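Containing PDB, all heavy atoms: protein_10.pdb.
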```
ATOM      1  N   MET Q   1     -21.987 -16.824   0.967
ATOM      2  CA  MET Q   1     -22.274 -15.916   2.053
ATOM      3  C   MET Q   1     -21.317 -14.729   1.957
ATOM      4  O   MET Q   1     -20.113 -14.891   1.846
ATOM      5  CB  MET Q   1     -22.094 -16.655   3.377
ATOM      6  CG  MET Q   1     -22.444 -15.849   4.571
ATOM      7  SD  MET Q   1     -22.442 -16.967   5.992
ATOM      8  CE  MET Q   1     -22.437 -15.787   7.272
ATOM      9  N   SER Q   2     -21.872 -13.531   2.004
ATOM     10  CA  SER Q   2     -21.020 -12.360   1.895
ATOM     11  C   SER Q   2     -20.406 -12.010   3.245
ATOM     12  O   SER Q   2     -20.937 -12.330   4.294
ATOM     13  CB  SER Q   2     -21.821 -11.174   1.361
ATOM     14  OG  SER Q   2     -22.780 -10.782   2.312
ATOM     15  N   ARG Q   3     -19.293 -11.358   3.160
ATOM     16  CA  ARG Q   3     -18.559 -10.993   4.360
ATOM     17  C   ARG Q   3     -18.697  -9.496   4.580
ATOM     18  O   ARG Q   3     -18.622  -8.713   3.646
ATOM     19  CB  ARG Q   3     -17.097 -11.378   4.132
ATOM     20  CG  ARG Q   3     -16.153 -10.831   5.103
ATOM     21  CD  ARG Q   3     -14.720 -11.248   4.734
ATOM     22  NE  ARG Q   3     -13.842 -10.428   5.515
ATOM     23  CZ  ARG Q   3     -12.938  -9.605   5.030
ATOM     24  NH1 ARG Q   3     -12.742  -9.560   3.747
ATOM     25  NH2 ARG Q   3     -12.201  -8.868   5.802
ATOM     26  N   LYS Q   4     -18.904  -9.092   5.804
ATOM     27  CA  LYS Q   4     -18.972  -7.669   6.131
ATOM     28  C   LYS Q   4     -17.565  -7.095   6.098
ATOM     29  O   LYS Q   4     -16.655  -7.639   6.704
ATOM     30  CB  LYS Q   4     -19.549  -7.467   7.531
ATOM     31  CG  LYS Q   4     -21.035  -7.507   7.586
ATOM     32  CD  LYS Q   4     -21.597  -6.255   7.004
ATOM     33  CE  LYS Q   4     -22.705  -5.722   7.870
ATOM     34  NZ  LYS Q   4     -23.286  -4.528   7.346
ATOM     35  N   HIS Q   5     -17.397  -6.018   5.391
ATOM     36  CA  HIS Q   5     -16.101  -5.363   5.322
ATOM     37  C   HIS Q   5     -16.051  -4.246   6.351
ATOM     38  O   HIS Q   5     -17.036  -3.554   6.583
ATOM     39  CB  HIS Q   5     -15.861  -4.785   3.933
ATOM     40  CG  HIS Q   5     -15.757  -5.832   2.881
ATOM     41  ND1 HIS Q   5     -14.615  -6.558   2.675
ATOM     42  CD2 HIS Q   5     -16.657  -6.284   1.980
ATOM     43  CE1 HIS Q   5     -14.813  -7.413   1.693
ATOM     44  NE2 HIS Q   5     -16.051  -7.269   1.260
ATOM     45  N   LYS Q   6     -14.888  -4.067   6.930
ATOM     46  CA  LYS Q   6     -14.704  -2.988   7.898
ATOM     47  C   LYS Q   6     -14.630  -1.664   7.144
ATOM     48  O   LYS Q   6     -14.161  -1.618   6.002
ATOM     49  CB  LYS Q   6     -13.410  -3.202   8.679
ATOM     50  CG  LYS Q   6     -13.452  -4.418   9.566
ATOM     51  CD  LYS Q   6     -12.155  -4.559  10.324
ATOM     52  CE  LYS Q   6     -12.191  -5.825  11.166
ATOM     53  NZ  LYS Q   6     -10.922  -6.029  11.863
ATOM     54  N   PRO Q   7     -15.062  -0.588   7.770
ATOM     55  CA  PRO Q   7     -15.001   0.725   7.107
ATOM     56  C   PRO Q   7     -13.594   1.071   6.617
ATOM     57  O   PRO Q   7     -13.439   1.657   5.543
ATOM     58  CB  PRO Q   7     -15.451   1.698   8.199
ATOM     59  CG  PRO Q   7     -16.323   0.880   9.089
ATOM     60  CD  PRO Q   7     -15.728  -0.504   9.067
ATOM     61  N   GLU Q   8     -12.572   0.679   7.368
ATOM     62  CA  GLU Q   8     -11.196   0.972   6.963
ATOM     63  C   GLU Q   8     -10.837   0.259   5.661
ATOM     64  O   GLU Q   8     -10.104   0.796   4.824
ATOM     65  CB  GLU Q   8     -10.203   0.547   8.054
ATOM     66  CG  GLU Q   8     -10.367   1.284   9.363
ATOM     67  CD  GLU Q   8     -11.440   0.677  10.271
ATOM     68  OE1 GLU Q   8     -11.836  -0.486  10.069
ATOM     69  OE2 GLU Q   8     -11.892   1.385  11.181
ATOM     70  N   GLU Q   9     -11.345  -0.957   5.490
ATOM     71  CA  GLU Q   9     -11.075  -1.710   4.260
ATOM     72  C   GLU Q   9     -11.752  -1.046   3.064
ATOM     73  O   GLU Q   9     -11.161  -0.948   1.981
ATOM     74  CB  GLU Q   9     -11.575  -3.148   4.393
ATOM     75  CG  GLU Q   9     -10.830  -3.973   5.411
ATOM     76  CD  GLU Q   9     -11.457  -5.340   5.640
ATOM     77  OE1 GLU Q   9     -12.696  -5.463   5.614
ATOM     78  OE2 GLU Q   9     -10.683  -6.286   5.836
ATOM     79  N   ILE Q  10     -12.978  -0.602   3.259
ATOM     80  CA  ILE Q  10     -13.731   0.046   2.178
ATOM     81  C   ILE Q  10     -13.030   1.341   1.770
ATOM     82  O   ILE Q  10     -12.830   1.605   0.577
ATOM     83  CB  ILE Q  10     -15.179   0.316   2.611
ATOM     84  CG1 ILE Q  10     -15.902  -1.012   2.846
ATOM     85  CG2 ILE Q  10     -15.903   1.153   1.565
ATOM     86  CD1 ILE Q  10     -17.246  -0.882   3.517
ATOM     87  N   ILE Q  11     -12.641   2.139   2.750
ATOM     88  CA  ILE Q  11     -11.962   3.398   2.461
ATOM     89  C   ILE Q  11     -10.656   3.145   1.716
ATOM     90  O   ILE Q  11     -10.331   3.847   0.750
ATOM     91  CB  ILE Q  11     -11.721   4.191   3.759
ATOM     92  CG1 ILE Q  11     -13.066   4.669   4.307
ATOM     93  CG2 ILE Q  11     -10.776   5.371   3.525
ATOM     94  CD1 ILE Q  11     -13.007   5.226   5.719
ATOM     95  N   GLY Q  12      -9.915   2.133   2.129
ATOM     96  CA  GLY Q  12      -8.661   1.799   1.459
ATOM     97  C   GLY Q  12      -8.870   1.426   0.003
ATOM     98  O   GLY Q  12      -8.118   1.864  -0.876
ATOM     99  N   LYS Q  13      -9.897   0.639  -0.252
ATOM    100  CA  LYS Q  13     -10.176   0.224  -1.628
ATOM    101  C   LYS Q  13     -10.634   1.411  -2.473
ATOM    102  O   LYS Q  13     -10.247   1.544  -3.634
ATOM    103  CB  LYS Q  13     -11.211  -0.892  -1.654
ATOM    104  CG  LYS Q  13     -10.636  -2.210  -1.166
ATOM    105  CD  LYS Q  13     -11.582  -3.350  -1.416
ATOM    106  CE  LYS Q  13     -11.010  -4.653  -0.946
ATOM    107  NZ  LYS Q  13      -9.954  -5.159  -1.808
ATOM    108  N   LEU Q  14     -11.450   2.292  -1.901
ATOM    109  CA  LEU Q  14     -11.893   3.469  -2.644
ATOM    110  C   LEU Q  14     -10.724   4.394  -2.954
ATOM    111  O   LEU Q  14     -10.657   4.966  -4.042
ATOM    112  CB  LEU Q  14     -12.973   4.220  -1.859
ATOM    113  CG  LEU Q  14     -14.322   3.512  -1.762
ATOM    114  CD1 LEU Q  14     -15.262   4.287  -0.853
ATOM    115  CD2 LEU Q  14     -14.939   3.326  -3.133
ATOM    116  N   ARG Q  15      -9.802   4.541  -2.025
ATOM    117  CA  ARG Q  15      -8.615   5.367  -2.278
ATOM    118  C   ARG Q  15      -7.763   4.764  -3.386
ATOM    119  O   ARG Q  15      -7.240   5.476  -4.239
ATOM    120  CB  ARG Q  15      -7.788   5.509  -1.006
ATOM    121  CG  ARG Q  15      -8.378   6.474  -0.030
ATOM    122  CD  ARG Q  15      -7.445   6.745   1.117
ATOM    123  NE  ARG Q  15      -8.053   7.706   2.023
ATOM    124  CZ  ARG Q  15      -7.900   7.675   3.335
ATOM    125  NH1 ARG Q  15      -7.147   6.756   3.895
ATOM    126  NH2 ARG Q  15      -8.482   8.580   4.086
ATOM    127  N   GLU Q  16      -7.624   3.444  -3.350
ATOM    128  CA  GLU Q  16      -6.846   2.768  -4.394
ATOM    129  C   GLU Q  16      -7.495   2.974  -5.763
ATOM    130  O   GLU Q  16      -6.818   3.258  -6.750
ATOM    131  CB  GLU Q  16      -6.745   1.275  -4.074
ATOM    132  CG  GLU Q  16      -5.809   0.522  -4.959
ATOM    133  CD  GLU Q  16      -5.644  -0.932  -4.556
ATOM    134  OE1 GLU Q  16      -5.977  -1.292  -3.416
ATOM    135  OE2 GLU Q  16      -5.173  -1.713  -5.408
ATOM    136  N   ALA Q  17      -8.817   2.868  -5.814
ATOM    137  CA  ALA Q  17      -9.536   3.081  -7.074
ATOM    138  C   ALA Q  17      -9.373   4.527  -7.532
ATOM    139  O   ALA Q  17      -9.196   4.794  -8.727
ATOM    140  CB  ALA Q  17     -11.011   2.739  -6.900
ATOM    141  N   GLU Q  18      -9.406   5.466  -6.601
ATOM    142  CA  GLU Q  18      -9.246   6.872  -6.936
ATOM    143  C   GLU Q  18      -7.875   7.134  -7.557
ATOM    144  O   GLU Q  18      -7.748   7.899  -8.506
ATOM    145  CB  GLU Q  18      -9.428   7.711  -5.676
ATOM    146  CG  GLU Q  18      -9.456   9.198  -5.925
ATOM    147  CD  GLU Q  18      -9.744   9.978  -4.657
ATOM    148  OE1 GLU Q  18      -9.325   9.541  -3.564
ATOM    149  OE2 GLU Q  18     -10.382  11.024  -4.778
ATOM    150  N   ILE Q  19      -6.854   6.476  -7.054
ATOM    151  CA  ILE Q  19      -5.502   6.626  -7.598
ATOM    152  C   ILE Q  19      -5.444   6.106  -9.028
ATOM    153  O   ILE Q  19      -4.875   6.745  -9.911
ATOM    154  CB  ILE Q  19      -4.472   5.911  -6.697
ATOM    155  CG1 ILE Q  19      -4.348   6.653  -5.371
ATOM    156  CG2 ILE Q  19      -3.124   5.796  -7.393
ATOM    157  CD1 ILE Q  19      -3.579   5.898  -4.305
ATOM    158  N   VAL Q  20      -6.050   4.943  -9.263
ATOM    159  CA  VAL Q  20      -6.068   4.369 -10.620
ATOM    160  C   VAL Q  20      -6.753   5.332 -11.582
ATOM    161  O   VAL Q  20      -6.258   5.589 -12.689
ATOM    162  CB  VAL Q  20      -6.767   2.994 -10.624
ATOM    163  CG1 VAL Q  20      -6.974   2.496 -12.047
ATOM    164  CG2 VAL Q  20      -5.974   1.982  -9.827
ATOM    165  N   LEU Q  21      -7.883   5.895 -11.165
ATOM    166  CA  LEU Q  21      -8.615   6.821 -12.027
ATOM    167  C   LEU Q  21      -7.816   8.106 -12.258
ATOM    168  O   LEU Q  21      -7.809   8.641 -13.361
ATOM    169  CB  LEU Q  21      -9.982   7.137 -11.416
ATOM    170  CG  LEU Q  21     -10.955   5.959 -11.360
ATOM    171  CD1 LEU Q  21     -12.204   6.338 -10.585
ATOM    172  CD2 LEU Q  21     -11.323   5.480 -12.755
ATOM    173  N   ALA Q  22      -7.131   8.598 -11.234
ATOM    174  CA  ALA Q  22      -6.333   9.820 -11.364
ATOM    175  C   ALA Q  22      -5.155   9.618 -12.318
ATOM    176  O   ALA Q  22      -4.713  10.570 -12.958
ATOM    177  CB  ALA Q  22      -5.841  10.270 -10.001
ATOM    178  N   GLN Q  23      -4.678   8.380 -12.401
ATOM    179  CA  GLN Q  23      -3.554   8.080 -13.297
ATOM    180  C   GLN Q  23      -4.021   7.812 -14.718
ATOM    181  O   GLN Q  23      -3.235   7.404 -15.556
ATOM    182  CB  GLN Q  23      -2.772   6.876 -12.774
ATOM    183  CG  GLN Q  23      -2.064   7.138 -11.473
ATOM    184  CD  GLN Q  23      -1.413   5.892 -10.895
ATOM    185  OE1 GLN Q  23      -1.755   4.771 -11.255
ATOM    186  NE2 GLN Q  23      -0.489   6.094  -9.968
ATOM    187  N   GLY Q  24      -5.306   8.021 -14.966
ATOM    188  CA  GLY Q  24      -5.826   7.863 -16.322
ATOM    189  C   GLY Q  24      -6.424   6.501 -16.604
ATOM    190  O   GLY Q  24      -6.748   6.196 -17.748
ATOM    191  N   GLY Q  25      -6.575   5.676 -15.595
ATOM    192  CA  GLY Q  25      -7.179   4.359 -15.784
ATOM    193  C   GLY Q  25      -8.682   4.467 -15.958
ATOM    194  O   GLY Q  25      -9.285   5.503 -15.688
ATOM    195  N   THR Q  26      -9.269   3.407 -16.415
ATOM    196  CA  THR Q  26     -10.718   3.380 -16.594
ATOM    197  C   THR Q  26     -11.387   2.840 -15.331
ATOM    198  O   THR Q  26     -10.727   2.284 -14.451
ATOM    199  CB  THR Q  26     -11.109   2.482 -17.783
ATOM    200  OG1 THR Q  26     -10.719   1.139 -17.471
ATOM    201  CG2 THR Q  26     -10.442   2.932 -19.073
ATOM    202  N   VAL Q  27     -12.686   2.994 -15.279
ATOM    203  CA  VAL Q  27     -13.454   2.449 -14.149
ATOM    204  C   VAL Q  27     -13.285   0.934 -14.110
ATOM    205  O   VAL Q  27     -13.131   0.345 -13.038
ATOM    206  CB  VAL Q  27     -14.943   2.844 -14.249
ATOM    207  CG1 VAL Q  27     -15.767   2.132 -13.198
ATOM    208  CG2 VAL Q  27     -15.104   4.350 -14.119
ATOM    209  N   ALA Q  28     -13.266   0.307 -15.275
ATOM    210  CA  ALA Q  28     -13.088  -1.145 -15.334
ATOM    211  C   ALA Q  28     -11.737  -1.544 -14.744
ATOM    212  O   ALA Q  28     -11.642  -2.532 -14.010
ATOM    213  CB  ALA Q  28     -13.213  -1.633 -16.770
ATOM    214  N   ASP Q  29     -10.691  -0.770 -15.046
ATOM    215  CA  ASP Q  29      -9.360  -1.046 -14.480
ATOM    216  C   ASP Q  29      -9.387  -0.931 -12.961
ATOM    217  O   ASP Q  29      -8.834  -1.776 -12.261
ATOM    218  CB  ASP Q  29      -8.315  -0.066 -15.022
ATOM    219  CG  ASP Q  29      -8.032  -0.254 -16.499
ATOM    220  OD1 ASP Q  29      -8.246  -1.381 -17.008
ATOM    221  OD2 ASP Q  29      -7.597   0.722 -17.138
ATOM    222  N   ALA Q  30     -10.013   0.129 -12.473
ATOM    223  CA  ALA Q  30     -10.074   0.359 -11.026
ATOM    224  C   ALA Q  30     -10.839  -0.765 -10.336
ATOM    225  O   ALA Q  30     -10.411  -1.266  -9.297
ATOM    226  CB  ALA Q  30     -10.728   1.704 -10.742
ATOM    227  N   CYS Q  31     -11.952  -1.174 -10.920
ATOM    228  CA  CYS Q  31     -12.752  -2.252 -10.335
ATOM    229  C   CYS Q  31     -11.972  -3.557 -10.300
ATOM    230  O   CYS Q  31     -12.001  -4.277  -9.302
ATOM    231  CB  CYS Q  31     -14.046  -2.440 -11.119
ATOM    232  SG  CYS Q  31     -15.195  -1.072 -10.935
ATOM    233  N   ARG Q  32     -11.290  -3.845 -11.387
ATOM    234  CA  ARG Q  32     -10.488  -5.064 -11.454
ATOM    235  C   ARG Q  32      -9.397  -5.041 -10.388
ATOM    236  O   ARG Q  32      -9.133  -6.033  -9.722
ATOM    237  CB  ARG Q  32      -9.877  -5.189 -12.854
ATOM    238  CG  ARG Q  32      -9.475  -6.577 -13.224
ATOM    239  CD  ARG Q  32      -9.033  -6.690 -14.695
ATOM    240  NE  ARG Q  32      -9.981  -6.105 -15.633
ATOM    241  CZ  ARG Q  32      -9.745  -5.017 -16.385
ATOM    242  NH1 ARG Q  32      -8.591  -4.389 -16.320
ATOM    243  NH2 ARG Q  32     -10.658  -4.564 -17.219
ATOM    244  N   ARG Q  33      -8.762  -3.894 -10.210
ATOM    245  CA  ARG Q  33      -7.667  -3.741  -9.255
ATOM    246  C   ARG Q  33      -8.129  -3.983  -7.824
ATOM    247  O   ARG Q  33      -7.436  -4.618  -7.043
ATOM    248  CB  ARG Q  33      -7.081  -2.337  -9.400
ATOM    249  CG  ARG Q  33      -6.065  -1.918  -8.371
ATOM    250  CD  ARG Q  33      -4.706  -2.575  -8.517
ATOM    251  NE  ARG Q  33      -3.867  -2.082  -9.572
ATOM    252  CZ  ARG Q  33      -3.182  -0.948  -9.557
ATOM    253  NH1 ARG Q  33      -3.286  -0.118  -8.569
ATOM    254  NH2 ARG Q  33      -2.400  -0.647 -10.560
ATOM    255  N   ILE Q  34      -9.331  -3.468  -7.469
ATOM    256  CA  ILE Q  34      -9.780  -3.606  -6.077
ATOM    257  C   ILE Q  34     -10.658  -4.835  -5.859
ATOM    258  O   ILE Q  34     -11.034  -5.117  -4.731
ATOM    259  CB  ILE Q  34     -10.483  -2.338  -5.567
ATOM    260  CG1 ILE Q  34     -11.775  -2.058  -6.319
ATOM    261  CG2 ILE Q  34      -9.538  -1.160  -5.604
ATOM    262  CD1 ILE Q  34     -12.596  -0.930  -5.734
ATOM    263  N   GLY Q  35     -10.971  -5.546  -6.921
ATOM    264  CA  GLY Q  35     -11.690  -6.810  -6.778
ATOM    265  C   GLY Q  35     -13.194  -6.712  -6.611
ATOM    266  O   GLY Q  35     -13.780  -7.490  -5.867
ATOM    267  N   VAL Q  36     -13.806  -5.740  -7.273
ATOM    268  CA  VAL Q  36     -15.265  -5.628  -7.250
ATOM    269  C   VAL Q  36     -15.787  -5.572  -8.680
ATOM    270  O   VAL Q  36     -15.027  -5.314  -9.614
ATOM    271  CB  VAL Q  36     -15.755  -4.383  -6.468
ATOM    272  CG1 VAL Q  36     -15.334  -4.437  -5.025
ATOM    273  CG2 VAL Q  36     -15.295  -3.103  -7.123
ATOM    274  N   THR Q  37     -17.077  -5.779  -8.842
ATOM    275  CA  THR Q  37     -17.667  -5.666 -10.164
ATOM    276  C   THR Q  37     -18.037  -4.211 -10.419
ATOM    277  O   THR Q  37     -18.222  -3.426  -9.486
ATOM    278  CB  THR Q  37     -18.932  -6.536 -10.294
ATOM    279  OG1 THR Q  37     -19.905  -6.076  -9.363
ATOM    280  CG2 THR Q  37     -18.617  -8.007 -10.028
ATOM    281  N   GLU Q  38     -18.161  -3.833 -11.681
ATOM    282  CA  GLU Q  38     -18.546  -2.471 -12.008
ATOM    283  C   GLU Q  38     -19.932  -2.136 -11.464
ATOM    284  O   GLU Q  38     -20.194  -0.993 -11.104
ATOM    285  CB  GLU Q  38     -18.516  -2.252 -13.518
ATOM    286  CG  GLU Q  38     -17.120  -2.168 -14.082
ATOM    287  CD  GLU Q  38     -17.109  -1.754 -15.536
ATOM    288  OE1 GLU Q  38     -17.626  -0.674 -15.845
ATOM    289  OE2 GLU Q  38     -16.587  -2.533 -16.343
ATOM    290  N   GLN Q  39     -20.809  -3.118 -11.380
ATOM    291  CA  GLN Q  39     -22.156  -2.888 -10.866
ATOM    292  C   GLN Q  39     -22.144  -2.534  -9.381
ATOM    293  O   GLN Q  39     -23.015  -1.840  -8.905
ATOM    294  CB  GLN Q  39     -23.049  -4.119 -11.083
ATOM    295  CG  GLN Q  39     -23.366  -4.404 -12.522
ATOM    296  CD  GLN Q  39     -22.232  -5.131 -13.239
ATOM    297  OE1 GLN Q  39     -21.345  -5.697 -12.628
ATOM    298  NE2 GLN Q  39     -22.263  -5.093 -14.562
ATOM    299  N   SER Q  40     -21.149  -3.010  -8.670
ATOM    300  CA  SER Q  40     -21.054  -2.711  -7.223
ATOM    301  C   SER Q  40     -20.748  -1.259  -7.036
ATOM    302  O   SER Q  40     -21.093  -0.635  -6.096
ATOM    303  CB  SER Q  40     -19.962  -3.536  -6.562
ATOM    304  OG  SER Q  40     -20.312  -4.883  -6.596
TER     305      SER Q  40
END
```

For the file at hand, write its structure as structure tokens.
Amino acid sequence: MSRKHKPEEIIGKLREAEIVLAQGGTVADACRRIGVTEQS
């Protein structure tokens, strides 16, 4: 069963992924860091 995430949690994870990408990381690195699949 999936859990509904609060908007604040989603925004936080997207910001974290944005930082990884800005530091030269790959999309795969960012996804791994925030705990989602690349397809998501």

- Message: One number please: NH1 of Arg15 in chain Q to CD of Gln39 in chain Q, in Å, one decimal.
- Response: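 Between NH1 of Arg15 in chain Q and CD of Gln39 in chain Q the gap is 25.7 Å.
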
task = Step by step, work through what the PyMOL selection byres (((chain Q and resi 17 and name CA) around 10) and name CA) selects in the shown file, and finish by giving those residues as a PyMOL selection string.
result = chain Q and resi 11-16+18-23+25-34

Sel. of helix (DSSP H, G or I) residues, chain Q, as number ranges by chain = Q: 7-22, 27-34

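Atom pair atom O of His5 in chain Q / CG1 of Val36 in chain Q has a distance of 11.8 Å (rounded to one decimal).
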